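Taking it in order: structure first as structure tokens, then the write-up.
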Amino acid sequence: MAGPHKQVSEKTPKIKLTGKIALVAGATRGAGRGIAIALGEAGATVYCTGRSSRKNARGKPPTPGRPETIEETAELVTAAGGHGIAVRVDHTEPAQVRELVRRIKRRHKHLDILVNDVWGGDALTEFGKPFWKVNLDNGLRMLQQAIHSHIITSHFAVPLMFSRRSAIIFEITDGDAFYYRGNIFYDLVKISAIRLAFAMARELRNRNIVSVALTPGFLRSEAVLEHFGVREANWKAVAQTKSPNQNSKDQNDSAGDFMVSESPRFIGRAVLALAADPQVKKKTGRVFSSWALAREYGFTDLDGTQPHWGNYAKRKYGKYKICDEQFYSYWVPGLIELIFPDWFSAQSKRN
């Protein structure tokens, strides 16, 4: 079994997406920012959207407690070699998403890559509390922010992908398995992202559009680095300052776990690998992990390693079942497809 932070001698394959138009919904920070920058490295034009904007900030952080903005992400995309375009959009508001897509259509006529990464639920999640004790308003807000927003965005954006020969949709989730995730609303959000990828794949199966769900491992986001009191440049110093096996009451933040973390660019490189794979349609409708895709496609994290959260977690905490061939066999074919075999295919051809 490969080590959790395998050092790899070969370089990450260079991928070119020059001329490709991408929309990263939720690009302000974390996985969304890492994906946007990776797309920029490949030469793509990237629309970086979210609510955290410098505009109208009036000297205050656009998001309480967080300094990141979509403009900053767009600048990083451009600096990486692409073309970053920041647009302030609340993806829970259909009118704003409709206008965003109209803007992309006017300027580029099409869309090649859609990344649904809108989240913002960390501060709303109460892990370990039963559903009858959690804050209901916060829970319902999570569903709106991270499920409704994804559906709204796909509803307007996907038709702009119909004319492309290799378009792809990414639903960013947490975990490549169907286990319960410790909070009923968090669980619904992350499982729904996987199910959305599957459902869209079924309805798009007669078009050249792939839909997949993608999970990072222990993500070394801006907020996580701040939690540990380090920066990306010195993150491994945590191993000398914190107990290797001691987790906080409400999250897995032991130093041992953190040592198997991955930068946001790692999942960005997973997006690149899938977007550039001419055989990616074989993967449509399924969920994939950054660590497994790294082994398959040969890419590495920024430090040249291939962190493998899945292997590490199974060794430390115990085995669990991921979504595999047997799991997907329960999903296809469904009863409705057996009753109406041409239902969605006929609709997709007409529309």
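In the structure tokens, chains take the letters A, B, ... in the order shown, each chain's residues start at 1, and ligands count up from 1 in the order shown.
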DSSP strand (DSSP E or B) residues within range 164-219 of chain A, listed as an MDAnalysis selection string: chainID A and resid 167:172 209:215 219
Neighbour list for Glu296 in chain A as a count of residues only, cut-off 12 Å, only C-alpha atoms, skip fewer than 6 positions in-chain: 10
Compile a residue-level contact table for range 242-330 of chain A against range 196-209 of chain A at a cut-off of 9 Å, reporting for every qualifying residue the shortest atom pair and its distance in Å to one decimal, with only C-alpha atoms counted, rows ordered by chain and ascending number, as CSV.
```
residue,atom,partner,partner_atom,distance
A:Lys281,CA,A:Ile209,CA,7.8
A:Thr284,CA,A:Ala201,CA,6.0
A:Gly285,CA,A:Phe198,CA,3.9
A:Arg286,CA,A:Phe198,CA,6.2
A:Val287,CA,A:Ala197,CA,7.9
```
In range 155-213 of chain A, DSSP helix (DSSP H, G or I) residues written as a PyMOL selection string: chain A and resi 155-161+184-203
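Using only C-alpha atoms, the shortest contact distance between Phe131 in chain A and any of A:Val158, A:Ile104, A:Leu114, A:Ile184 is found at A:Ile184.
Across the model, the gap from CA of Phe299 in chain A to CA of Lys14 in chain A is 9.1 Å.
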Selection: 10 Å around Trp235 in chain A, only C-alpha atoms, excl. self and same-chain fewer than 4 positions, as an MDAnalysis selection string: chainID A and resid 220 225 228:231 239 258:259 261
For range 174-216 of chain A against range 139-147 of chain A, with a cut-off of 12 Å and counting only C-alpha atoms, what is the closest atom pair and its distance in Å to one decimal for every residue that makes the cut, ordered by chain and number, as JSON lines?
```
{"residue": "A:Asn183", "atom": "CA", "partner": "A:Gly139", "partner_atom": "CA", "distance": 9.2}
{"residue": "A:Ile184", "atom": "CA", "partner": "A:Gly139", "partner_atom": "CA", "distance": 8.3}
{"residue": "A:Phe185", "atom": "CA", "partner": "A:Gly139", "partner_atom": "CA", "distance": 5.5}
{"residue": "A:Tyr186", "atom": "CA", "partner": "A:Met142", "partner_atom": "CA", "distance": 7.5}
{"residue": "A:Asp187", "atom": "CA", "partner": "A:Leu143", "partner_atom": "CA", "distance": 10.1}
{"residue": "A:Leu188", "atom": "CA", "partner": "A:Leu143", "partner_atom": "CA", "distance": 7.7}
{"residue": "A:Val189", "atom": "CA", "partner": "A:Ile147", "partner_atom": "CA", "distance": 6.1}
{"residue": "A:Lys190", "atom": "CA", "partner": "A:Ala146", "partner_atom": "CA", "distance": 8.6}
{"residue": "A:Ile191", "atom": "CA", "partner": "A:Ile147", "partner_atom": "CA", "distance": 10.0}
{"residue": "A:Ser192", "atom": "CA", "partner": "A:Ile147", "partner_atom": "CA", "distance": 7.0}
{"residue": "A:Ala193", "atom": "CA", "partner": "A:Ile147", "partner_atom": "CA", "distance": 7.2}
{"residue": "A:Ile194", "atom": "CA", "partner": "A:Ile147", "partner_atom": "CA", "distance": 10.8}
{"residue": "A:Arg195", "atom": "CA", "partner": "A:Ile147", "partner_atom": "CA", "distance": 10.7}
{"residue": "A:Leu196", "atom": "CA", "partner": "A:Ile147", "partner_atom": "CA", "distance": 8.9}
{"residue": "A:Ala197", "atom": "CA", "partner": "A:Ile147", "partner_atom": "CA", "distance": 11.8}
```
Each residue of range 95-124 of chain A lying at most 10 Å from range 26-40 of chain A should get a row with its shortest atom-to-atom pair and the distance in Å to one decimal, counting only C-alpha atoms; could you produce that, ordered by chain and increasing number, as CSV?
```
residue,atom,partner,partner_atom,distance
A:Ile113,CA,A:Leu39,CA,9.7
A:Val115,CA,A:Gly32,CA,8.0
A:Asn116,CA,A:Gly26,CA,7.0
A:Asp117,CA,A:Gly26,CA,5.0
A:Val118,CA,A:Gly26,CA,4.2
A:Trp119,CA,A:Gly26,CA,7.1
A:Gly120,CA,A:Gly26,CA,8.7
```
